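*Asks:* I have a structure here, written as structure tokens, and I will follow up with some questions on it.
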Amino acid sequence: MTDAPDLLIRAADLSAAGRPGRGDLLVRGGRLVAVGADAAEEARAGAEVLDADGLVALPGLVDLHTHLREPGREDAETVFTGTRAAAAGGYTCVHAMANTTPVVDTASVVDQVWELGREAGWVDVRPVGAVTEGLEGRHLSAMGAMARSRARVRVFSDDGRCVSDPVVMRRALEYVKAFDGVVAQHAQDPLLTDGAQMNESALSGELGLAGWPAVAEEAVIARDILLAKHVGSRLHICHVSTAGSVDLIRWGKAQGVDVTAEVTPHHLLLTEDLASTYDPIYKVNPPLRTAEDVEAVRAGLADGTIDAVATDHAPHPLEDKDCEWQAGAFGMIGLETALSVVIRTMVEPGLLAWADVARVMSTTPARIGRVEGLGRGLTAGAPADVALVDPAARTPAGEAPRWSRSSNTPYEGMELPGRVWHTIHRGERTVVEGAPVPREERR
Ligand SMILES: NC(=O)N[C@@H](CC(=O)O)C(=O)O
Ligand SMILES: [Zn+2]
Ligand SMILES: [Zn+2]
């Protein structure tokens, strides 16, 4: 690695690194060795030069919530295809959710997923460990063994299911303290959402679809904040979708509870109205909510109540989406479009600056996941994980994400701003001019 030529990224917008104006990034041996106006002077002879004029440099994006589907549903996604899509979206690290077949509830499945990620070579894959055996909500999984594995699991979640038994949740919160882990809760009371199909509202009544009330999410969040406070542990809330949830998390933080939260791109942009198409491409868990909820999650992300944007990339094969609403699977893909949706919903309206985007999509998720070595952003000495984005580019309506194995995107036909032009992972150019480059073809 160290005898590879330097990579000099020239004239990038470095505002996300806290430096106004343009400057250079020098990459050597998988690390950033210099950042700023005089970085070029340190480049060795023979350096490869990447002209980044007009591009914004962001630290490689870190996703806290990705469904890679392998093992078990390789027809929907594999570690290879999902992480390739991640690289195309500017990501250099993803947390792979545990709801696979088999479930990631032992160190050996953790190792398998981690190894597949290494072999694929697109991003760092950090397996999430299940909280309970088989995601069944009854007995705690071997969390300690997963934490001690090579993959050093720190995030534990039964995502797809809620840890609804308060005693089990309490024990999980107590257990993860031993290794500085965090329980990431899919907050959804199963009894209040039995058979639910969309947000509960006047519209769900009109459409004749069983409603999913906001209180089913909020009641679990309130309970878990109180439990986290009681046992003094770390709690993370997955895919926050309601105004009431944002209020509860704001309250929890004000009480000094160590609670963090994420919002998905789709909950920042889309509303329940899309259910009236009866097209299950818009069917997702938690459901798309109202315009007031969208406004509240945007405000929560802007004021720091919500800490991170996480994709909840949830690939499903065509047959699970090309059907009537009731029969459709919950979930939508999102790795390739996440940054564009954040630009559209947060940057363009002036709610977040580029430095904030770096915070909510890279450094803070890295810290929540306790990713070793990451979380420092674009600073000298940090791993050379970089995304270079053209904020002026528009993804033409009709151009769909291409690099996932599944195509269940809700954004087809929408023109979105911003384009990831280059991704660099540990100094390797994983995406060049918008196209992922397989490892064997990299220079
Ligand atoms: N978000 C979804 O609608 N679906 C996810 C599960 C989840 O995140 O709850 C999936 O695994 O498909
Ligand atoms: Zn979930
Ligand atoms: Zn999920």
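Chain identifiers are assigned as A, B, and so on, following the order in which chains appear in the structure tokens; residues are numbered from 1 within each chain, and ligands are numbered from 1 in order of appearance.
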Please check which protein, DNA or RNA residues sit within 9 Å of ligand 3, counting only C-alpha atoms and all ligand atoms, and write them as an NGL selection string.
*Replies:* :A and (65-67 or 97 or 99 or 159-160 or 186 or 238-239 or 285 or 311-314 or 331)
*Asks:* Need to verify the contact set: Ala130 in chain A, 8 Å, only C-alpha atoms, exclusion of same-chain residues closer than 3 positions in sequence. Can you return it as a PyMOL selection string?
*Replies:* chain A and resi 98-99+103-105+133-135+141+143+156-158
*Asks:* Can you write just those residues out, C-alpha atoms, as a PDB file, in the first residue's frame?
*Replies:*
```
ATOM      1  CA  ALA A  98     -29.324  -8.832  11.469  1.00  0.00           C
ATOM      2  CA  ASN A  99     -32.674  -9.935   9.992  1.00  0.00           C
ATOM      3  CA  VAL A 103     -30.296 -14.421  11.774  1.00  0.00           C
ATOM      4  CA  VAL A 104     -27.037 -12.727  12.792  1.00  0.00           C
ATOM      5  CA  ASP A 105     -27.276 -13.851  16.400  1.00  0.00           C
ATOM      6  CA  GLU A 133     -32.138 -15.306  19.472  1.00  0.00           C
ATOM      7  CA  GLY A 134     -33.815 -15.658  16.101  1.00  0.00           C
ATOM      8  CA  LEU A 135     -35.282 -12.125  16.524  1.00  0.00           C
ATOM      9  CA  SER A 141     -28.518 -13.583  21.855  1.00  0.00           C
ATOM     10  CA  MET A 143     -24.105 -10.443  22.377  1.00  0.00           C
ATOM     11  CA  PHE A 156     -27.449  -4.685  18.389  1.00  0.00           C
ATOM     12  CA  SER A 157     -30.908  -4.693  16.870  1.00  0.00           C
ATOM     13  CA  ASP A 158     -33.865  -6.949  16.174  1.00  0.00           C
TER      14      ASP A 158
END
```
*Asks:* Between CA of Gly129 in chain A and CA of Ala76 in chain A, measure the distance and give it in Å to one decimal.
*Replies:*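 Computing it gives 20.6 Å between the two atoms.
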*Asks:* Can you pull out the residues contacting Arg44 in chain A? Cut-off 8 Å, using only C-alpha atoms, and skip same-chain residues under 3 positions away; I want them as a list in words.
*Replies:*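 My list of contacting residues is Pro5, Asp6 and Ala47 of chain A.
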*Asks:* So that I can check the secondary structure, give me every residue of range 68-253 of chain A assigned helix (DSSP H, G or I) by backbone DSSP, as a PyMOL selection string.
*Replies:* chain A and resi 79-88+107-120+133-135+143-148+166-179+202-207+214-231+243-253
*Asks:* Where does DSSP see strand (DSSP E or B) in range 171-271 of chain A, if you list the residues as a CSV table (one decimal) with C-alpha atoms, in the first residue's frame?
*Replies:*
```
chain,number,residue,atom,x,y,z
A,182,VAL,CA,-25.9,0.2,21.8
A,183,VAL,CA,-29.4,-1.3,21.4
A,184,ALA,CA,-31.0,0.1,18.2
A,185,GLN,CA,-34.7,-0.2,18.6
A,198,MET,CA,-50.1,2.4,6.3
A,199,ASN,CA,-50.1,5.5,8.6
A,211,GLY,CA,-53.8,2.1,10.1
A,212,TRP,CA,-50.5,2.2,11.9
A,235,LEU,CA,-30.2,3.6,23.3
A,236,HIS,CA,-30.6,4.3,19.6
A,237,ILE,CA,-33.9,4.7,17.9
A,259,VAL,CA,-30.4,8.4,23.4
A,260,THR,CA,-29.6,8.9,19.8
A,261,ALA,CA,-31.8,8.6,16.7
A,262,GLU,CA,-31.8,8.3,13.0
A,263,VAL,CA,-34.2,9.3,10.2
```
*Asks:* Which one is closest to Ile249 in chain A: A:Glu272, A:Asp307, A:Glu295, A:Glu200? Count only C-alpha atoms.
*Replies:*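 Closest candidate: A:Asp307.
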*Asks:* Under the rule that only C-alpha atoms are counted, which of A:Gly18, A:Arg298, A:Ala11, A:Arg439 is the nearest residue to Pro349 in chain A?
*Replies:*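 Of A:Gly18, A:Arg298, A:Ala11, A:Arg439, the one nearest Pro349 in chain A is A:Arg298, counting only C-alpha atoms.
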*Asks:* Write out as an mmCIF file with N, CA and C atoms, in the first residue's frame each polymer residue whose atoms come within 7 Å of Trp114 in chain A, counting only C-alpha atoms; drop sequence neighbours fewer than 4 positions from it.
*Replies:*
```
data_model
loop_
_atom_site.group_PDB
_atom_site.id
_atom_site.type_symbol
_atom_site.label_atom_id
_atom_site.label_comp_id
_atom_site.auth_asym_id
_atom_site.auth_seq_id
_atom_site.Cartn_x
_atom_site.Cartn_y
_atom_site.Cartn_z
ATOM 1 N N VAL A 110 -21.836 -13.570 12.333
ATOM 2 C CA VAL A 110 -21.165 -12.261 12.278
ATOM 3 C C VAL A 110 -19.904 -12.364 11.421
ATOM 4 N N ARG A 118 -15.391 -8.037 3.467
ATOM 5 C CA ARG A 118 -13.964 -7.853 3.154
ATOM 6 C C ARG A 118 -13.649 -8.327 1.753
ATOM 7 N N VAL A 125 -17.889 -3.409 6.102
ATOM 8 C CA VAL A 125 -19.177 -3.958 6.520
ATOM 9 C C VAL A 125 -19.095 -4.267 8.002
ATOM 10 N N ARG A 126 -19.956 -3.636 8.766
ATOM 11 C CA ARG A 126 -20.019 -3.903 10.197
ATOM 12 C C ARG A 126 -21.330 -4.609 10.495
ATOM 13 N N PRO A 127 -21.268 -5.890 10.810
ATOM 14 C CA PRO A 127 -22.514 -6.597 11.103
ATOM 15 C C PRO A 127 -23.172 -6.050 12.371
ATOM 16 N N ALA A 151 -15.199 -8.831 14.083
ATOM 17 C CA ALA A 151 -15.988 -7.704 13.568
ATOM 18 C C ALA A 151 -16.330 -6.690 14.665
#
```
*Asks:* Calculated over only C-alpha atoms and all ligand atoms, which of the candidates A:Arg223, A:Arg402, A:Arg161, A:His95 has the smallest distance to ligand 2?
*Replies:* A:Arg161
